[in-house]
file target_31.cif (mmCIF, C-alpha atoms)
data_protein
loop_
_atom_site.label_atom_id
_atom_site.label_comp_id
_atom_site.auth_asym_id
_atom_site.auth_seq_id
_atom_site.Cartn_x
_atom_site.Cartn_y
_atom_site.Cartn_z
CA MET A 1 12.89 -13.23 59.94
CA ILE A 2 11.42 -13.36 56.45
CA ASP A 3 9.80 -10.18 55.16
CA TRP A 4 6.56 -11.71 53.92
CA HIS A 5 5.29 -8.29 52.71
CA ALA A 6 8.29 -7.97 50.35
CA LEU A 7 7.80 -11.59 49.27
CA THR A 8 4.14 -10.97 48.44
CA ARG A 9 4.97 -7.71 46.63
CA ASP A 10 7.52 -9.50 44.44
CA LEU A 11 4.98 -12.24 43.66
CA TYR A 12 2.41 -9.66 42.60
CA LEU A 13 4.87 -7.73 40.43
CA GLU A 14 5.82 -10.94 38.64
CA LYS A 15 2.46 -12.72 38.38
CA GLY A 16 -0.39 -10.50 39.52
CA GLU A 17 -2.83 -8.18 37.80
CA ASP A 18 -5.74 -5.87 38.56
CA GLN A 19 -4.78 -5.48 42.26
CA GLN A 20 -5.63 -9.12 42.92
CA LEU A 21 -3.44 -11.42 45.04
CA LYS A 22 -3.76 -15.07 44.06
CA ASN A 23 -3.02 -18.14 46.14
CA TRP A 24 0.46 -18.55 44.68
CA ARG A 25 2.66 -21.28 46.09
CA VAL A 26 5.98 -20.00 47.41
CA THR A 27 9.17 -21.84 48.29
CA LEU A 28 10.60 -21.08 51.74
CA THR A 29 13.35 -22.39 53.95
CA LYS A 30 12.62 -24.46 57.01
CA ALA A 31 13.84 -21.56 59.16
CA ASP A 32 11.41 -19.17 57.46
CA LEU A 33 8.53 -21.55 58.03
CA LEU A 34 9.48 -21.92 61.68
CA ASP A 35 9.52 -18.12 62.03
CA LEU A 36 6.08 -17.96 60.48
CA GLY A 37 4.80 -20.88 62.55
CA LEU A 38 3.74 -22.70 59.40
CA LEU A 39 6.15 -25.61 59.12
CA THR A 40 3.36 -28.12 59.63
CA LYS A 41 1.37 -26.56 56.78
CA ALA A 42 4.22 -26.73 54.27
CA LYS A 43 4.75 -29.33 51.59
CA LEU A 44 8.12 -30.99 51.23
CA ASP A 45 9.07 -32.05 47.70
CA LYS A 46 11.48 -34.79 46.63
CA ASP A 47 14.35 -32.31 46.40
CA GLY A 48 13.92 -31.29 50.01
CA ASN A 49 12.32 -27.90 49.28
CA TYR A 50 9.43 -26.55 51.33
CA SER A 51 6.52 -24.68 49.74
CA ILE A 52 3.30 -23.21 51.01
CA PRO A 53 0.32 -21.30 49.51
CA CYS A 54 0.68 -17.59 50.25
CA TYR A 55 -2.94 -17.43 51.48
CA GLN A 56 -1.79 -19.60 54.37
CA ILE A 57 0.59 -16.81 55.40
CA PHE A 58 -2.22 -14.22 55.21
CA LYS A 59 -4.45 -16.49 57.29
CA GLN A 60 -1.71 -16.89 59.86
CA TYR A 61 -1.78 -13.11 60.37
CA GLY A 62 -5.58 -12.93 60.22
CA LYS A 63 -5.69 -10.91 56.99
CA SER A 64 -7.63 -11.22 53.75
CA PRO A 65 -5.88 -10.91 50.35
CA ALA A 66 -7.53 -7.50 49.86
CA GLU A 67 -6.23 -6.28 53.23
CA VAL A 68 -2.74 -7.52 52.44
CA TYR A 69 -2.77 -5.77 49.07
CA GLN A 70 -3.76 -2.49 50.74
CA GLU A 71 -0.90 -2.90 53.20
CA LEU A 72 1.48 -3.43 50.30
CA GLU A 73 0.40 -0.20 48.60
CA ASN A 74 0.58 1.68 51.90
CA LYS A 75 4.13 0.44 52.36
CA TYR A 76 5.51 0.46 48.80
CA GLY A 77 3.22 2.78 46.88
CA PRO A 78 1.08 1.85 43.83
CA LEU A 79 2.02 -1.53 42.41
CA LEU A 80 2.18 -2.18 38.68
CA SER A 81 2.85 -5.77 37.72
CA LYS A 82 4.14 -6.89 34.34
CA LYS A 83 0.59 -7.74 33.31
CA ASP A 84 -0.71 -4.39 34.58
CA ARG A 85 1.88 -2.55 32.48
CA ARG A 86 0.99 -4.57 29.40
CA LYS A 87 -2.68 -3.78 29.91
CA GLN A 88 -1.95 -0.09 30.38
CA LYS A 89 0.11 -0.02 27.19
CA ALA A 90 -2.58 -1.93 25.28
CA SER A 91 -5.22 0.52 26.48
CA ALA A 92 -3.10 3.54 25.52
CA ASP A 93 -2.34 1.95 22.14
CA GLN A 94 -6.03 1.36 21.53
CA VAL A 95 -6.78 5.01 22.23
CA LYS A 96 -4.07 6.02 19.74
CA LEU A 97 -5.44 3.57 17.17
CA ASP A 98 -9.00 4.85 17.58
CA MET A 99 -7.82 8.44 17.15
CA PHE A 100 -5.81 7.41 14.08
CA LYS A 101 -8.88 5.79 12.50
CA GLU A 102 -10.86 8.99 13.07
CA ASP A 103 -8.16 11.17 11.52
CA VAL A 104 -7.60 9.24 8.26
CA ALA A 105 -9.91 8.62 5.31
CA PRO A 106 -12.45 5.89 6.17
CA ALA A 107 -11.48 3.98 3.02
CA TYR A 108 -7.81 3.95 4.12
CA ALA A 109 -8.76 2.79 7.62
CA ALA A 110 -10.88 0.00 6.11
CA PHE A 111 -8.02 -0.98 3.78
CA LEU A 112 -5.60 -1.30 6.70
CA ALA A 113 -8.11 -3.30 8.76
CA GLU A 114 -8.53 -5.72 5.87
CA ASN A 115 -4.81 -6.23 5.28
CA PHE A 116 -3.17 -5.85 8.69
CA SER A 117 -3.94 -6.79 12.29
CA GLU A 118 -4.35 -4.06 14.89
CA LYS A 119 -1.16 -5.33 16.51
CA GLN A 120 0.76 -4.77 13.25
CA ILE A 121 -0.64 -1.28 12.82
CA ILE A 122 0.02 -0.25 16.41
CA SER A 123 3.57 -1.62 16.29
CA ASP A 124 4.48 1.04 13.73
CA LEU A 125 1.67 3.57 13.89
CA PRO A 126 3.79 6.56 12.73
CA PHE A 127 4.54 4.72 9.46
CA TYR A 128 0.87 4.05 8.74
CA GLN A 129 -0.02 7.63 9.71
CA LYS A 130 2.43 8.99 7.14
CA MET A 131 1.27 6.52 4.47
CA ALA A 132 -2.23 7.98 4.79
CA LYS A 133 -0.92 10.80 2.59
CA GLY A 134 -0.23 8.21 -0.10
CA TRP A 135 -3.81 6.91 -0.16
CA GLU A 136 -5.12 9.56 -2.55
CA LYS A 137 -4.08 9.37 -6.19
CA PRO A 138 -2.09 12.50 -7.11
CA VAL A 139 -4.10 14.90 -9.26
CA GLU A 140 -1.03 15.73 -11.32
CA GLY A 141 1.63 13.25 -12.37
CA VAL A 142 4.51 13.08 -9.91
CA LEU A 143 7.88 11.34 -9.96
CA LEU A 144 8.26 8.42 -7.57
CA PRO A 145 11.10 9.94 -5.46
CA THR A 146 9.15 13.19 -5.10
CA PHE A 147 6.04 11.30 -4.01
CA ALA A 148 8.10 9.28 -1.52
CA LEU A 149 9.50 12.51 -0.09
CA GLN A 150 6.02 14.01 0.20
CA VAL A 151 4.56 10.93 1.89
CA LEU A 152 7.34 9.47 4.03
CA GLY A 153 9.98 12.19 4.04
CA ASP A 154 12.51 9.96 2.26
CA PRO A 155 13.01 10.05 -1.53
CA HIS A 156 14.09 6.39 -1.47
CA ALA A 157 11.18 5.13 0.66
CA PHE A 158 9.37 3.78 -2.42
CA ASP A 159 12.41 2.09 -3.98
CA ARG A 160 11.96 -1.59 -4.84
CA GLY A 161 12.33 -3.82 -1.80
CA ARG A 162 11.46 -1.07 0.67
CA ARG A 163 8.51 -1.44 3.00
CA GLY A 164 6.90 1.74 1.71
CA ARG A 165 6.94 0.45 -1.87
CA GLY A 166 5.17 -2.73 -0.80
CA LEU A 167 2.38 -0.82 0.94
CA LEU A 168 2.06 1.67 -1.92
CA GLU A 169 1.58 -1.19 -4.39
CA LYS A 170 -1.08 -2.71 -2.10
CA ILE A 171 -2.85 0.67 -1.99
CA ILE A 172 -2.81 0.94 -5.78
CA GLN A 173 -4.14 -2.61 -6.24
CA ALA A 174 -6.86 -2.00 -3.64
CA GLN A 175 -8.07 1.06 -5.56
CA LEU A 176 -7.40 0.10 -9.17
CA GLY A 177 -7.44 -3.70 -9.13
CA GLU A 178 -4.64 -6.24 -9.32
CA GLU A 179 -3.55 -4.89 -12.71
CA GLY A 180 -3.03 -1.37 -11.31
CA THR A 181 0.43 0.12 -11.80
CA LEU A 182 2.35 3.12 -10.50
CA GLU A 183 1.65 4.90 -13.78
CA ASP A 184 -2.08 4.25 -13.38
CA PHE A 185 -1.80 5.97 -10.00
CA ASN A 186 -0.15 9.01 -11.63
CA VAL A 187 3.24 8.15 -10.10
CA TYR A 188 6.24 7.65 -12.39
CA PRO A 189 9.68 6.11 -11.78
CA ASP A 190 12.47 8.65 -11.96
CA GLN A 191 14.43 6.86 -14.67
CA LEU A 192 16.29 7.99 -17.76
CA TYR A 193 13.56 6.66 -20.03
CA ASN A 194 11.09 9.24 -18.73
CA PHE A 195 10.96 11.11 -22.00
CA ALA A 196 8.53 11.69 -24.83
CA MET A 197 9.12 10.20 -28.28
CA THR A 198 7.87 12.15 -31.29
CA ALA A 199 8.02 12.08 -35.09
CA ASN A 200 7.38 14.96 -37.51
CA LEU A 201 6.21 17.06 -34.57
CA LEU A 202 8.98 19.51 -33.79
CA ASP A 203 10.54 22.09 -36.06
CA THR A 204 13.94 20.38 -36.18
CA PRO A 205 16.04 18.79 -38.97
CA LEU A 206 15.25 15.39 -37.48
CA THR A 207 12.25 13.20 -38.17
CA TYR A 208 12.39 11.62 -34.75
CA ASP A 209 12.93 13.57 -31.53
CA ILE A 210 13.27 12.40 -27.95
CA ILE A 211 12.27 15.07 -25.43
CA ALA A 212 13.50 14.68 -21.86
CA LEU A 213 11.06 15.39 -19.05
CA PRO A 214 12.69 18.67 -17.93
CA ASP A 215 12.51 20.00 -21.50
CA ILE A 216 8.82 19.36 -22.11
CA ASP A 217 7.78 22.75 -20.78
CA GLN A 218 10.53 24.58 -22.67
CA ILE A 219 10.23 23.43 -26.29
CA ALA A 220 8.14 25.19 -28.93
CA LEU A 221 5.14 23.12 -30.03
CA PRO A 222 2.82 23.48 -33.03
CA GLU A 223 -0.72 24.76 -32.66
CA LYS A 224 -4.06 23.61 -34.07
CA ILE A 225 -2.79 20.51 -35.86
CA LYS A 226 -3.73 16.84 -35.76
CA VAL A 227 -1.36 14.64 -33.76
CA TYR A 228 -1.48 10.85 -33.87
CA LEU A 229 -0.55 8.93 -30.73
CA HIS A 230 0.46 5.29 -31.02
CA GLU A 231 1.25 2.73 -28.37
CA ASN A 232 4.06 1.06 -30.28
CA SER A 233 7.34 2.49 -31.55
CA GLY A 234 7.46 0.21 -34.62
CA VAL A 235 4.09 1.45 -35.79
CA THR A 236 5.05 5.06 -35.12
CA THR A 237 8.24 4.65 -37.16
CA ALA A 238 6.48 3.01 -40.10
CA LEU A 239 3.66 5.56 -40.24
CA ALA A 240 5.96 8.57 -39.78
CA SER A 241 8.02 7.40 -42.75
CA LYS A 242 4.92 6.85 -44.84
CA PHE A 243 3.14 10.09 -43.86
CA SER A 244 5.76 12.79 -43.49
CA ASP A 245 3.06 15.45 -43.27
CA ARG A 246 1.57 13.95 -40.13
CA ALA A 247 2.79 14.52 -36.56
CA PHE A 248 3.17 11.51 -34.25
CA VAL A 249 3.80 10.77 -30.60
CA CYS A 250 4.78 7.27 -29.41
CA THR A 251 3.53 6.45 -25.91
CA GLY A 252 5.62 3.28 -25.67
CA GLY A 253 3.00 1.30 -23.76
CA GLN A 254 2.08 2.77 -20.40
CA VAL A 255 2.00 6.53 -20.84
CA ASN A 256 4.81 8.07 -18.81
CA LEU A 257 4.92 11.47 -17.14
CA ALA A 258 6.90 13.18 -19.90
CA THR A 259 4.39 12.08 -22.55
CA LYS A 260 1.45 13.18 -20.40
CA LYS A 261 2.99 16.61 -19.99
CA LEU A 262 3.47 16.78 -23.76
CA ILE A 263 -0.16 15.77 -24.36
CA LYS A 264 -1.33 18.43 -21.93
CA ARG A 265 0.61 21.12 -23.79
CA LEU A 266 -0.61 19.95 -27.20
CA LEU A 267 -4.21 20.10 -26.02
CA ALA A 268 -3.59 23.57 -24.60
CA ASN A 269 -2.37 24.52 -28.10
CA SER A 270 -5.76 23.47 -29.53
CA CYS A 271 -4.34 20.38 -31.25
CA GLN A 272 -6.60 17.43 -32.07
CA LEU A 273 -5.18 14.19 -30.67
CA TYR A 274 -5.96 10.68 -31.91
CA TYR A 275 -4.86 7.49 -30.12
CA SER A 276 -4.36 3.94 -31.39
CA GLY A 277 -2.99 0.91 -29.59
CA ASP A 278 -3.05 -2.86 -29.36
CA LEU A 279 -6.42 -4.56 -29.27
CA ASP A 280 -5.56 -6.70 -26.26
CA GLN A 281 -6.65 -6.34 -22.66
CA SER A 282 -3.57 -4.35 -21.63
CA GLY A 283 -3.91 -2.04 -24.63
CA ILE A 284 -7.59 -1.45 -23.90
CA LYS A 285 -6.74 -0.55 -20.29
CA ILE A 286 -3.99 1.85 -21.36
CA ALA A 287 -6.41 3.59 -23.73
CA ASP A 288 -9.09 3.81 -21.06
CA ASN A 289 -6.70 5.34 -18.53
CA LEU A 290 -5.59 7.87 -21.13
CA LEU A 291 -9.18 8.89 -21.87
CA LEU A 292 -9.98 9.19 -18.17
CA GLU A 293 -7.21 11.74 -17.82
CA PHE A 294 -7.60 13.38 -21.23
CA PRO A 295 -11.21 12.96 -22.44
CA GLU A 296 -10.48 15.31 -25.36
CA ILE A 297 -8.46 12.56 -27.09
CA HIS A 298 -10.18 10.67 -29.91
CA LEU A 299 -9.80 6.92 -30.39
CA LEU A 300 -8.84 5.51 -33.77
CA ASN A 301 -9.24 1.85 -34.73
CA MET A 302 -9.93 0.75 -31.15
CA ASP A 303 -13.56 -0.24 -31.47
CA LEU A 304 -15.50 -3.44 -32.06
CA LYS A 305 -15.83 -2.66 -35.76
CA THR A 306 -12.04 -2.59 -36.21
CA TYR A 307 -11.64 -5.79 -34.18
CA LYS A 308 -14.14 -7.66 -36.38
CA GLU A 309 -12.82 -6.25 -39.67
CA HIS A 310 -9.26 -7.34 -38.90
CA TYR A 311 -10.06 -10.50 -36.97
CA GLN A 312 -8.03 -12.53 -39.47
CA ALA A 313 -4.93 -10.80 -38.04
CA SER A 314 -5.75 -11.89 -34.49
CA VAL A 315 -3.60 -14.32 -32.51
CA PRO A 316 -3.97 -16.10 -29.17
CA PRO A 317 -2.38 -13.99 -26.43
CA VAL A 318 0.90 -15.35 -25.11
CA LYS A 319 0.48 -13.25 -22.00
CA ASP A 320 -2.19 -10.68 -21.28
CA LYS A 321 -3.51 -9.03 -18.15
CA GLN A 322 -7.00 -9.95 -17.07
CA ILE A 323 -8.94 -6.70 -16.95
CA LYS A 324 -12.26 -6.70 -15.07
CA GLY A 325 -13.65 -3.75 -16.96
CA VAL A 326 -13.08 -0.23 -18.27
CA GLU A 327 -15.01 3.05 -18.13
CA ASN A 328 -15.31 3.90 -21.81
CA PRO A 329 -18.32 2.05 -23.31
CA ASP A 330 -16.74 1.57 -26.76
CA LEU A 331 -13.60 0.12 -25.20
CA GLN A 332 -15.68 -2.06 -22.89
CA GLU A 333 -17.49 -3.45 -25.93
CA VAL A 334 -14.28 -4.52 -27.64
CA LEU A 335 -12.81 -5.75 -24.33
CA THR A 336 -15.78 -8.07 -23.90
CA GLU A 337 -15.25 -9.45 -27.41
CA ILE A 338 -11.51 -9.98 -26.80
CA GLN A 339 -12.25 -11.89 -23.60
CA LYS A 340 -14.90 -13.94 -25.37
CA LYS A 341 -12.77 -14.84 -28.42
CA LYS A 342 -9.50 -15.12 -26.46
CA ARG A 343 -7.67 -13.58 -29.39
CA VAL A 344 -5.87 -10.25 -29.67
CA ILE A 345 -4.80 -7.97 -32.52
CA PHE A 346 -1.50 -6.17 -32.23
CA GLU A 347 -1.24 -2.73 -33.74
CA GLU A 348 1.80 -3.83 -35.78
CA ALA A 349 -0.34 -6.41 -37.59
CA ILE A 350 -2.75 -3.85 -39.04
CA HIS A 351 -0.74 -0.62 -39.20
CA GLU A 352 -0.78 -0.69 -43.01
CA PHE A 353 -4.56 -0.21 -42.84
CA LEU A 354 -4.43 2.69 -40.36
#
call {"tool": "encode", "arguments": {"input": "target_31.cif", "output": "structure tokens"}}
result
Amino acid sequence: MIDWHALTRDLYLEKGEDQQLKNWRVTLTKADLLDLGLLTKAKLDKDGNYSIPCYQIFKQYGKSPAEVYQELENKYGPLLSKKDRRKQKASADQVKLDMFKEDVAPAYAAFLAENFSEKQIISDLPFYQKMAKGWEKPVEGVLLPTFALQVLGDPHAFDRGRRGRGLLEKIIQAQLGEEGTLEDFNVYPDQLYNFAMTANLLDTPLTYDIIALPDIDQIALPEKIKVYLHENSGVTTALASKFSDRAFVCTGGQVNLATKKLIKRLLANSCQLYYSGDLDQSGIKIADNLLLEFPEIHLLNMDLKTYKEHYQASVPPVKDKQIKGVENPDLQEVLTEIQKKKRVIFEEAIHEFL
């Protein structure tokens, strides 16, 4: 004889939820229906199969669905269907997600909510928990592999093409704007070009010296002198040859970690630092970032007066980042003029006047 309790249990485990038995239609043999006394209630399909609503079986035994469910639990123990298990997991995941949101910085939680669904976050919650340590901009410059090790425990986690690198770049853009870079975030690629370029600065037989990052803290540096920082190597070379009594540092565009360490030491030695760069949107942003980190630096030839005086040397930008704004009011003034005129002045074009 058919075990209709086992049949109903299997139906619930496959289709049910919340301890509710539905009026599912079940396929039975003619012999089973005869045993149950329900052959006349069954439906015969074109393939010769008999089926009947399971409520009809309950009714035959004078039981309600709730009574049958209780009998199932008494016989088999607590029942958890596929849907019940999914709901339990979803509930547990939601608790974990809520606790995660309470533990991390509100701004980071808001950033994740804006860029990822809760399902995406929950699917790899440990990853997003670790990346919370990468939300804050490092106070001191740090090499990319070191930062990756600190945040995700893997020095290669922020390599190009890795998932961590993609999220880190999203974090930087969310905080600093679309033009934000690793360097703006005080994180620097660990590459061979992480060195400082100088001219007439060190007490060596050479005019030009390249100082590797590990050596920055070891070399002897002058004290209480004026040092001129320039964005471009060509300008630095030309001016160093022309003014052999002046000390120069070339930042080479975005200021790398080695150069920042050198600047920090020069300031500690009571040197006066002056910075000049391109009068384009990228150059203005580089200068602004530098001043934010080292407000003691003085700007040279990076104001509206210089832009207007040398406007005849301006050219339409072939490619230039669109900067929303900068902190320094003098730089903001010239940035507004550059965006209005849609013309830029490269440092190389006016270095003879510097």
call {"tool": "resolve_selection", "arguments": {"input": "target_31.cif", "expression": "the PyMOL selection byres ((chain A and resi 323) around 8)", "output": "short mmCIF file (atom, residue, chain, number, x, y, z; two decimals) with C-alpha atoms, keeping the file's coordinate frame"}}
result
data_model
loop_
_atom_site.label_atom_id
_atom_site.label_comp_id
_atom_site.auth_asym_id
_atom_site.auth_seq_id
_atom_site.Cartn_x
_atom_site.Cartn_y
_atom_site.Cartn_z
CA GLU A 179 -3.55 -4.89 -12.71
CA GLN A 281 -6.65 -6.34 -22.66
CA SER A 282 -3.57 -4.35 -21.63
CA LYS A 285 -6.74 -0.55 -20.29
CA LYS A 321 -3.51 -9.03 -18.15
CA GLN A 322 -7.00 -9.95 -17.07
CA LYS A 324 -12.26 -6.70 -15.07
CA GLY A 325 -13.65 -3.75 -16.96
CA VAL A 326 -13.08 -0.23 -18.27
#
call {"tool": "residues_around", "arguments": {"input": "target_31.cif", "residues": "segment 63-69 of chain A", "least_positions_apart": "3", "cutoff": "8 Å", "atoms": "all atoms listed in the file", "output": "ChimeraX atom specification"}}
result
/A:19-22,55,58-60,72-73
call {"tool": "resolve_selection", "arguments": {"input": "target_31.cif", "expression": "the PyMOL selection byres ((chain A and resi 227-236) around 6)", "output": "PyMOL selection string"}}
result
chain A and resi 226+237-240+247-253+273-277+348
call {"tool": "atom_distance", "arguments": {"input": "target_31.cif", "atom1": "atom CA of Asn186 of chain A", "atom2": "atom CA of Gln120 of chain A"}}
result
28.5 Å
call {"tool": "closest_residue", "arguments": {"input": "target_31.cif", "among": "A:Gly77, A:Gly153, A:Pro214, A:Gly180", "to": "Phe195 of chain A", "atoms": "all atoms listed in the file"}}
result
A:Pro214
call {"tool": "resolve_selection", "arguments": {"input": "target_31.cif", "expression": "the PyMOL selection byres ((chain A and resi 284) around 12)", "output": "ChimeraX atom specification"}}
result
/A:231,253-254,275-283,285-291,299,301-304,307,320-339,344-347
call {"tool": "atom_distance", "arguments": {"input": "target_31.cif", "atom1": "atom CA of Thr181 of chain A", "atom2": "atom CA of Leu300 of chain A"}}
result
24.4 Å
call {"tool": "atom_distance", "arguments": {"input": "target_31.cif", "atom1": "atom CA of Lys43 of chain A", "atom2": "atom CA of Asp3 of chain A"}}
result
20.1 Å
call {"tool": "closest_residue", "arguments": {"input": "target_31.cif", "among": "A:Phe185, A:Arg165, A:Leu262, A:Ala268", "to": "Ile210 of chain A", "atoms": "all atoms listed in the file"}}
result
A:Leu262
call {"tool": "residues_near_point", "arguments": {"input": "target_31.cif", "point": "(-3.3, -9.3, 2.8)", "cutoff": "12 Å", "atoms": "all atoms listed in the file", "output": "count of residues only"}}
result
14
call {"tool": "closest_residue", "arguments": {"input": "target_31.cif", "among": "A:Gly16, A:Thr40, A:Lys30, A:Ile297", "to": "Lys87 of chain A", "atoms": "all atoms listed in the file"}}
result
A:Gly16
call {"tool": "residues_around", "arguments": {"input": "target_31.cif", "residues": "Phe158 of chain A", "least_positions_apart": "6", "cutoff": "10 Å", "atoms": "all atoms listed in the file", "output": "NGL selection string"}}
result
:A and (144-149 or 151-152 or 164-169 or 189)
call {"tool": "closest_residue", "arguments": {"input": "target_31.cif", "among": "A:Asp18, A:Asp209, A:Glu183, A:Glu223", "to": "Glu293 of chain A", "atoms": "only C-alpha atoms"}}
result
A:Glu183
call {"tool": "closest_residue", "arguments": {"input": "target_31.cif", "among": "A:Asp47, A:Glu140, A:Asp203, A:Asp98", "to": "Lys261 of chain A", "atoms": "only C-alpha atoms"}}
result
A:Glu140
call {"tool": "decode", "arguments": {"input": "target_31.cif", "residues": "segment 52-101 of chain A", "atoms": "C-alpha atoms", "output": "tab-separated table (two decimals), in the first residue's frame"}}
result
chain	number	residue	atom	x	y	z
A	52	ILE	CA	-5.27	13.44	-7.95
A	53	PRO	CA	-5.05	16.55	-5.71
A	54	CYS	CA	-3.35	15.65	-2.44
A	55	TYR	CA	-6.12	17.39	-0.46
A	56	GLN	CA	-8.40	14.62	-1.71
A	57	ILE	CA	-6.19	12.10	0.11
A	58	PHE	CA	-6.33	14.16	3.32
A	59	LYS	CA	-10.11	14.39	3.01
A	60	GLN	CA	-10.34	10.64	2.53
A	61	TYR	CA	-8.70	10.22	5.95
A	62	GLY	CA	-10.72	13.05	7.52
A	63	LYS	CA	-7.70	15.30	8.12
A	64	SER	CA	-6.98	18.96	7.46
A	65	PRO	CA	-3.69	20.06	5.82
A	66	ALA	CA	-2.54	21.46	9.18
A	67	GLU	CA	-3.24	18.15	10.92
A	68	VAL	CA	-1.38	16.24	8.23
A	69	TYR	CA	1.62	18.55	8.52
A	70	GLN	CA	1.74	17.99	12.29
A	71	GLU	CA	1.65	14.24	11.71
A	72	LEU	CA	4.55	14.56	9.29
A	73	GLU	CA	6.69	16.41	11.84
A	74	ASN	CA	5.73	13.92	14.55
A	75	LYS	CA	6.84	11.10	12.28
A	76	TYR	CA	9.87	12.58	10.49
A	77	GLY	CA	10.96	15.49	12.66
A	78	PRO	CA	11.13	19.18	11.61
A	79	LEU	CA	10.77	19.61	7.87
A	80	LEU	CA	12.84	22.11	5.91
A	81	SER	CA	11.94	22.42	2.26
A	82	LYS	CA	14.19	23.88	-0.40
A	83	LYS	CA	12.33	27.17	-0.12
A	84	ASP	CA	12.55	27.11	3.69
A	85	ARG	CA	16.33	26.65	3.49
A	86	ARG	CA	16.66	29.50	1.02
A	87	LYS	CA	14.64	31.75	3.30
A	88	GLN	CA	16.71	30.78	6.31
A	89	LYS	CA	19.92	31.52	4.43
A	90	ALA	CA	18.55	34.84	3.17
A	91	SER	CA	17.57	35.82	6.71
A	92	ALA	CA	20.98	34.87	8.10
A	93	ASP	CA	22.69	36.73	5.24
A	94	GLN	CA	20.62	39.82	5.95
A	95	VAL	CA	21.68	39.75	9.60
A	96	LYS	CA	25.32	39.50	8.51
A	97	LEU	CA	24.84	42.36	6.04
A	98	ASP	CA	23.20	44.58	8.66
A	99	MET	CA	26.04	43.91	11.10
A	100	PHE	CA	28.57	44.64	8.34
A	101	LYS	CA	26.92	47.99	7.59
